[in-house]
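Participant: Compact mmCIF, C-alpha atoms, file coords09.txt:
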# COMPACT_ATOMS: atom_id res chain seq x y z
CA MET A 26 112.54 75.85 57.42
CA THR A 27 113.46 78.40 54.77
CA LEU A 28 114.56 81.92 55.53
CA LEU A 29 111.25 83.21 54.13
CA GLU A 30 109.24 80.91 56.44
CA ARG A 31 111.31 81.93 59.48
CA THR A 32 110.76 85.62 58.68
CA THR A 33 107.02 85.09 58.22
CA ASN A 34 106.78 83.22 61.53
CA ARG A 35 108.70 85.98 63.31
CA GLU A 36 106.39 88.61 61.84
CA ARG A 37 103.35 86.59 62.96
CA LEU A 38 104.84 86.29 66.46
CA ILE A 39 105.49 90.04 66.61
CA ARG A 40 101.94 90.78 65.39
CA PHE A 41 100.48 88.35 67.95
CA SER A 42 102.62 89.84 70.78
CA SER A 43 101.56 93.37 69.80
CA ALA A 44 97.90 92.35 69.72
CA ALA A 45 98.25 90.63 73.11
CA ALA A 46 99.98 93.70 74.57
CA ILE A 47 97.20 95.97 73.27
CA PHE A 48 94.57 93.59 74.67
CA VAL A 49 96.26 93.53 78.11
CA ALA A 50 96.65 97.32 78.08
CA LEU A 51 92.98 97.69 77.15
CA ILE A 52 91.87 95.39 79.98
CA LEU A 53 94.11 97.21 82.46
CA SER A 54 92.87 100.56 81.26
CA LEU A 55 89.23 99.48 81.50
CA SER A 56 89.70 98.07 84.99
CA GLY A 57 91.51 101.31 85.91
CA CYS A 58 88.58 103.30 84.60
CA ALA A 59 86.16 101.16 86.58
CA ASN A 60 88.14 101.77 89.77
CA ASN A 61 88.39 105.51 89.14
CA LYS A 62 84.66 105.74 88.55
CA ALA A 63 83.81 105.25 92.23
CA THR A 64 83.91 108.69 93.84
CA PRO A 65 84.22 109.06 97.66
CA ALA A 66 80.50 109.96 97.70
CA GLU A 67 79.62 106.77 95.83
CA ILE A 68 81.80 104.65 98.12
CA GLU A 69 80.13 106.26 101.12
CA GLN A 70 76.70 105.60 99.64
CA GLN A 71 77.66 101.93 99.13
CA ALA A 72 78.92 101.71 102.73
CA PHE A 73 75.64 103.08 104.10
CA ASP A 74 73.69 100.67 101.89
CA ASP A 75 75.85 97.78 103.18
CA LEU A 76 75.18 98.92 106.72
CA ARG A 77 71.40 99.00 106.19
CA THR A 78 71.50 95.52 104.65
CA GLU A 79 73.60 94.27 107.56
CA LEU A 80 71.21 95.72 110.15
CA ARG A 81 68.22 94.09 108.43
CA GLU A 82 70.05 90.75 108.39
CA VAL A 83 71.29 90.88 111.97
CA ILE A 84 68.13 92.22 113.67
CA ASP A 85 65.30 89.68 113.62
CA ASP A 86 62.60 92.01 114.90
CA PRO A 87 61.34 94.06 111.88
CA SER A 88 60.26 97.08 113.94
CA ARG A 89 63.65 97.33 115.70
CA ALA A 90 65.42 96.81 112.35
CA ALA A 91 63.35 99.66 110.86
CA ALA A 92 64.23 101.92 113.81
CA ALA A 93 67.94 101.12 113.43
CA VAL A 94 67.82 101.76 109.66
CA ALA A 95 66.07 105.09 110.32
CA VAL A 96 69.01 106.08 112.56
CA VAL A 97 71.44 105.20 109.76
CA ASP A 98 69.39 107.33 107.33
CA GLU A 99 69.69 110.26 109.75
CA LEU A 100 73.41 109.70 110.15
CA GLU A 101 73.90 109.79 106.40
CA VAL A 102 72.19 113.18 106.20
CA ASP A 103 74.08 114.47 109.27
CA LEU A 104 77.39 113.42 107.78
CA ALA A 105 76.70 115.14 104.46
CA ASP A 106 75.73 118.24 106.42
CA LEU A 107 78.91 118.02 108.49
CA ARG A 108 81.08 117.76 105.37
CA GLN A 109 79.48 120.95 104.06
CA ARG A 110 79.90 122.79 107.36
CA ILE A 111 83.55 121.79 107.62
CA ALA A 112 84.22 123.02 104.07
CA THR A 113 82.60 126.36 104.95
CA ARG A 114 84.59 126.64 108.20
CA LYS A 115 87.89 125.92 106.45
CA GLN A 116 87.12 128.47 103.76
CA ARG A 117 86.21 131.13 106.34
CA VAL A 118 89.34 130.57 108.45
CA ARG A 119 91.54 130.71 105.34
CA ALA A 120 89.89 133.99 104.35
CA LEU A 121 90.42 135.43 107.84
CA ASN A 122 94.07 134.40 107.75
CA ALA A 123 94.65 135.73 104.24
CA ASP A 124 93.81 139.23 105.48
CA TYR A 125 97.01 140.46 107.13
CA TYR A 126 95.07 142.92 109.28
CA THR A 127 92.36 140.59 110.66
CA PRO A 128 92.07 141.45 114.37
CA ARG A 129 92.66 138.54 116.73
CA ALA A 130 89.23 139.14 118.27
CA GLU A 131 87.59 138.36 114.93
CA PHE A 132 89.44 135.05 114.69
CA GLU A 133 88.52 134.19 118.28
CA ALA A 134 84.87 135.07 117.73
CA TYR A 135 84.68 132.78 114.72
CA LEU A 136 86.45 129.87 116.46
CA ASN A 137 84.10 130.28 119.45
CA GLN A 138 81.12 130.21 117.10
CA VAL A 139 82.38 126.92 115.60
CA ALA A 140 82.90 125.43 119.09
CA GLN A 141 79.37 126.50 120.01
CA GLU A 142 77.93 124.80 116.92
CA ILE A 143 79.77 121.57 117.79
CA ARG A 144 78.55 121.72 121.42
CA GLN A 145 74.94 122.14 120.26
CA ASN A 146 75.33 119.31 117.78
CA ARG A 147 76.71 117.04 120.50
CA ASN A 148 73.34 116.79 122.26
CA GLN A 149 71.56 115.88 119.04
CA VAL A 150 74.15 113.18 118.23
CA SER A 151 73.89 111.77 121.77
CA ASP A 152 70.11 111.49 121.40
CA THR A 153 70.48 109.71 118.07
CA TYR A 154 72.99 107.30 119.61
CA GLU A 155 70.64 106.54 122.48
CA ARG A 156 67.88 105.71 120.00
CA PHE A 157 70.30 103.42 118.19
CA LEU A 158 71.19 101.64 121.44
CA ALA A 159 67.50 101.19 122.22
CA ALA A 160 66.92 99.55 118.83
CA VAL A 161 70.02 97.32 118.66
CA SER A 162 71.13 94.86 121.36
CA ALA A 163 74.77 94.52 122.46
CA ASP A 164 75.10 91.19 120.63
CA GLU A 165 73.65 92.64 117.44
CA ARG A 166 76.02 95.62 117.69
CA ALA A 167 78.95 93.24 118.03
CA ALA A 168 77.78 91.27 114.97
CA ILE A 169 77.51 94.48 112.91
CA ARG A 170 80.99 95.58 114.01
CA LYS A 171 82.42 92.33 112.63
CA ALA A 172 80.71 92.77 109.26
CA GLN A 173 83.02 95.41 107.78
CA THR A 174 82.85 95.49 103.98
CA GLN A 175 85.42 96.98 101.62
CA ALA A 176 83.14 99.95 100.97
CA MET A 177 82.76 100.56 104.71
CA ASN A 178 86.52 100.51 105.25
CA ALA A 179 87.03 102.93 102.36
CA ALA A 180 84.24 105.18 103.63
CA ILE A 181 85.71 105.22 107.14
CA GLN A 182 89.06 106.36 105.74
CA SER A 183 87.34 109.05 103.70
CA ILE A 184 85.24 110.18 106.67
CA GLN A 185 88.27 110.33 108.96
CA SER A 186 89.94 112.70 106.53
CA ILE A 187 87.09 115.26 106.72
CA MET B 6 81.56 102.01 111.04
CA LEU B 7 78.69 103.23 113.19
CA ILE B 8 80.93 103.89 116.18
CA THR B 9 83.35 105.79 113.92
CA LEU B 10 80.47 107.82 112.51
CA PHE B 11 79.12 108.69 115.93
CA THR B 12 82.61 109.60 117.14
CA ILE B 13 83.21 111.92 114.17
CA LEU B 14 79.80 113.55 114.55
CA LEU B 15 80.28 113.99 118.32
CA LEU B 16 83.69 115.58 117.77
CA GLY B 17 82.30 117.84 115.06
CA GLY B 18 84.47 116.53 112.26
CA SER B 19 88.04 115.63 111.60
CA SER B 20 90.02 113.81 114.19
CA THR B 21 93.31 114.55 112.46
CA THR B 22 93.37 118.18 111.34
CA GLY B 23 92.67 121.47 113.08
CA LEU B 24 91.18 124.53 111.42
CA LEU B 25 94.41 126.54 111.66
CA ASP B 26 96.86 123.75 110.81
CA PHE B 27 97.16 124.87 107.18
CA ILE B 28 99.24 127.87 108.31
CA GLY B 29 102.18 125.53 108.95
CA ASP B 30 102.03 124.28 105.35
CA ALA B 31 103.18 127.66 104.00
CA ARG B 32 106.77 127.27 105.25
CA ASP B 33 108.25 126.67 101.76
CA GLU B 34 106.54 129.79 100.35
CA ALA B 35 107.86 131.84 103.29
CA LYS B 36 111.37 130.57 102.62
CA VAL B 37 111.22 132.01 99.09
CA VAL B 38 109.21 135.17 99.75
CA ILE B 39 110.92 136.69 102.83
CA ALA B 40 114.01 138.47 101.56
CA ASP B 41 115.53 139.65 104.85
CA ASP B 42 117.76 136.93 106.37
CA ASP B 43 117.03 137.68 110.02
CA ARG B 44 113.27 137.95 109.61
CA ARG B 45 113.23 134.84 107.43
CA ALA B 46 115.13 132.83 110.06
CA GLU B 47 112.73 133.99 112.79
CA ALA B 48 109.64 133.22 110.71
CA LEU B 49 110.91 129.78 109.66
CA GLY B 50 111.54 128.97 113.32
CA ASN B 51 107.93 129.90 113.96
CA PHE B 52 106.66 127.70 111.13
CA LYS B 53 108.64 124.83 112.61
CA THR B 54 107.00 125.40 116.00
CA ILE B 55 103.56 125.43 114.32
CA LYS B 56 104.27 122.06 112.66
CA LYS B 57 105.48 120.53 115.94
CA LEU B 58 102.45 121.87 117.78
CA THR B 59 100.13 120.47 115.11
CA GLU B 60 101.75 117.02 115.29
CA SER B 61 101.51 116.88 119.06
CA ARG B 62 97.89 118.08 118.96
CA ASN B 63 97.03 115.44 116.36
CA LYS B 64 98.32 112.73 118.69
CA GLN B 65 96.23 114.08 121.58
CA VAL B 66 93.13 114.30 119.41
CA LYS B 67 93.61 110.77 118.07
CA ASN B 68 93.82 109.53 121.65
CA SER B 69 90.64 111.39 122.59
CA ALA B 70 88.82 109.98 119.54
CA LYS B 71 90.01 106.48 120.42
CA GLU B 72 88.86 106.93 123.99
CA LEU B 73 85.45 108.18 122.86
CA SER B 74 85.08 105.25 120.43
CA THR B 75 85.92 102.81 123.24
CA VAL B 76 83.34 104.44 125.51
CA LEU B 77 80.67 104.32 122.77
CA ALA B 78 81.44 100.66 122.01
CA SER B 79 81.31 99.53 125.64
CA PRO B 80 78.28 97.40 126.58
CA GLU B 81 77.65 99.55 129.66
CA LEU B 82 77.41 103.08 128.35
CA TYR B 83 77.33 105.97 130.78
CA ASP B 84 76.73 109.59 129.84
CA ALA B 85 79.42 110.67 132.31
CA ASP B 86 82.03 108.65 130.41
CA ILE B 87 81.02 110.25 127.10
CA ASP B 88 81.12 113.69 128.75
CA LYS B 89 84.59 113.06 130.14
CA ALA B 90 86.08 111.96 126.78
CA TRP B 91 84.28 114.77 124.96
CA PHE B 92 85.40 117.55 127.32
CA VAL B 93 89.01 116.37 127.24
CA TYR B 94 88.84 116.63 123.44
CA PHE B 95 87.35 120.11 123.57
CA GLU B 96 89.91 121.36 126.02
CA THR B 97 92.63 120.09 123.65
CA VAL B 98 91.06 121.87 120.66
CA GLU B 99 90.56 125.17 122.48
CA ASN B 100 94.09 125.21 123.91
CA HIS B 101 95.51 124.32 120.52
CA ASN B 102 93.58 127.08 118.75
CA ALA B 103 94.77 129.65 121.30
CA GLU B 104 98.41 128.58 120.86
CA MET B 105 98.06 128.59 117.07
CA LEU B 106 96.64 132.11 117.15
CA ASP B 107 99.60 133.25 119.32
CA LEU B 108 101.97 131.87 116.68
CA ARG B 109 99.93 133.32 113.81
CA TYR B 110 100.23 136.82 115.29
CA GLU B 111 103.93 136.30 116.04
CA LEU B 112 104.36 135.48 112.35
CA GLN B 113 102.48 138.64 111.45
CA ASP B 114 105.11 140.63 113.38
CA GLN B 115 107.89 138.93 111.40
CA ILE B 116 106.36 139.23 107.93
CA THR B 117 105.35 142.38 106.00
CA GLY B 118 101.82 142.77 104.61
CA GLU B 119 103.09 142.41 101.06
CA GLU B 120 104.96 139.20 101.88
CA TRP B 121 101.93 137.89 103.76
CA GLU B 122 99.73 138.26 100.67
CA ARG B 123 102.18 136.16 98.66
CA ILE B 124 102.56 133.50 101.35
CA PHE B 125 98.84 133.26 102.14
CA PRO B 126 97.04 134.33 98.95
CA ALA B 127 93.29 134.94 99.16
CA GLU B 128 91.36 132.17 97.40
Mind converting the file's structure to structure tokens?
Facilitator:
Amino acid sequence: MTLLERTTNRERLIRFSSAAAIFVALILSLSGCANNKATPAEIEQQAFDDLRTELREVIDDPSRAAAAVAVVDELEVDLADLRQRIATRKQRVRALNADYYTPRAEFEAYLNQVAQEIRQNRNQVSDTYERFLAAVSADERAAIRKAQTQAMNAAIQSIQSI
Amino acid sequence: MLITLFTILLLGGSSTTGLLDFIGDARDEAKVVIADDDRRAEALGNFKTIKKLTESRNKQVKNSAKELSTVLASPELYDADIDKAWFVYFETVENHNAEMLDLRYELQDQITGEEWERIFPAE
């Protein structure tokens, strides 16, 4: 092989390596973009959809399945509402704290108001849970618990960080 | 997931952070802002106590949430068991808030109004 041929081959190899590197980078970047596209809200939406599908598959009786899915629909709304309320509470407490002169009584009144809201909400959540128990048998509940999807696990982590 | 959802909704939100916990995060700002050595040392001691209190409260709350999840997942569900787990949680939250407010007002005694505005800026 002549010097000219060796040089040409090396140049080809370099060009091929560069092209391969660009291709790999592009694939990685695209897959990165795809992963970044899923927002916590979208993951949560997917988890709720998975849960509805799972309930329909596990519960043979269509009317009980519909009742269970209706509970999940309610939970989805309640959770979105809770996220909003928590954001408002955090904002309010930060504002109270930022004011050096906020009287302690004002803080206490607000914290009591939050506790009151949570107490009132407790009864509503208990009722919803009772309706869920009426629609889904113990065996079906156990089957649903086993069927954790990736979206559900991600959503649980996101929900626990509220 | 359903049990977790019901637990979070029953507890009214987060099982890991309290509404006043953010106060403890301002320790580094306080270190820079408070010029007087004695007051700074006192305030930093207070921030440390807030952090410790928050960590211990988080453990208690996690235990309560776990207990409530176990109760909700049990095949034989009794309202009294839910009530018990729920009230233990609420007692923890209320005691924690009262202690955090004590520490918040102790900090106020150690920090001037001007320093406070820099440590806890309004959003």
Participant: Within 7 Å of chain A, which residues of chain B are there when counting only C-alpha atoms? Please give them as a ChimeraX atom specification.
Facilitator: /B:6,14-15,17-20,24,80,118,121-122,125-127
Participant: Need the shell around range 82-98 of chain B: protein/DNA/RNA residues with any atom at most 7 Å away, counting all atoms listed in the file. Skip same-chain ones fewer than 2 positions apart. Format as a PDB file with C-alpha atoms, in the coordinates of the input?
Facilitator:
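Output (part.pdb):
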ATOM      1  CA  VAL B  66      93.130 114.300 119.410  1.00  0.00           C
ATOM      2  CA  SER B  69      90.640 111.390 122.590  1.00  0.00           C
ATOM      3  CA  GLU B  72      88.860 106.930 123.990  1.00  0.00           C
ATOM      4  CA  LEU B  73      85.450 108.180 122.860  1.00  0.00           C
ATOM      5  CA  VAL B  76      83.340 104.440 125.510  1.00  0.00           C
ATOM      6  CA  LEU B  77      80.670 104.320 122.770  1.00  0.00           C
ATOM      7  CA  SER B  79      81.310  99.530 125.640  1.00  0.00           C
ATOM      8  CA  PRO B  80      78.280  97.400 126.580  1.00  0.00           C
ATOM      9  CA  ASN B 100      94.090 125.210 123.910  1.00  0.00           C
ATOM     10  CA  HIS B 101      95.510 124.320 120.520  1.00  0.00           C
ATOM     11  CA  ASN B 102      93.580 127.080 118.750  1.00  0.00           C
TER      12      ASN B 102
END
Participant: Quick one: pull the distance between CA of Arg89 in chain A and CA of Ala160 in chain A, Å, one decimal.
Facilitator: 5.0 Å
Participant: In Å, with one decimal, what is the gap from CA of Thr117 in chain B to CA of Gly29 in chain B?
Facilitator: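 Atom-to-atom, CA of Thr117 in chain B and CA of Gly29 in chain B are spaced 17.4 Å apart.
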Participant: For the atom pair CA of Asp114 in chain B and CA of Ala130 in chain A, what is the interatomic distance in Å to one decimal place?
Facilitator: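 Interatomic distance here is 16.7 Å.
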Participant: In terms of the shortest atom-to-atom distance over all atoms listed in the file, which of B:Asp42, B:Ala31, B:Lys36, B:Asn51 is closest to Leu106 in chain B?
Facilitator: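 Of all the options, B:Asn51 lies closest to Leu106 in chain B.
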Participant: Taking only C-alpha atoms into account, which of B:Arg109, B:Glu81, B:Leu7, B:Glu119 comes nearest Leu80 in chain A?
Facilitator: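 Among the listed residues, B:Leu7 lies closest to Leu80 in chain A.
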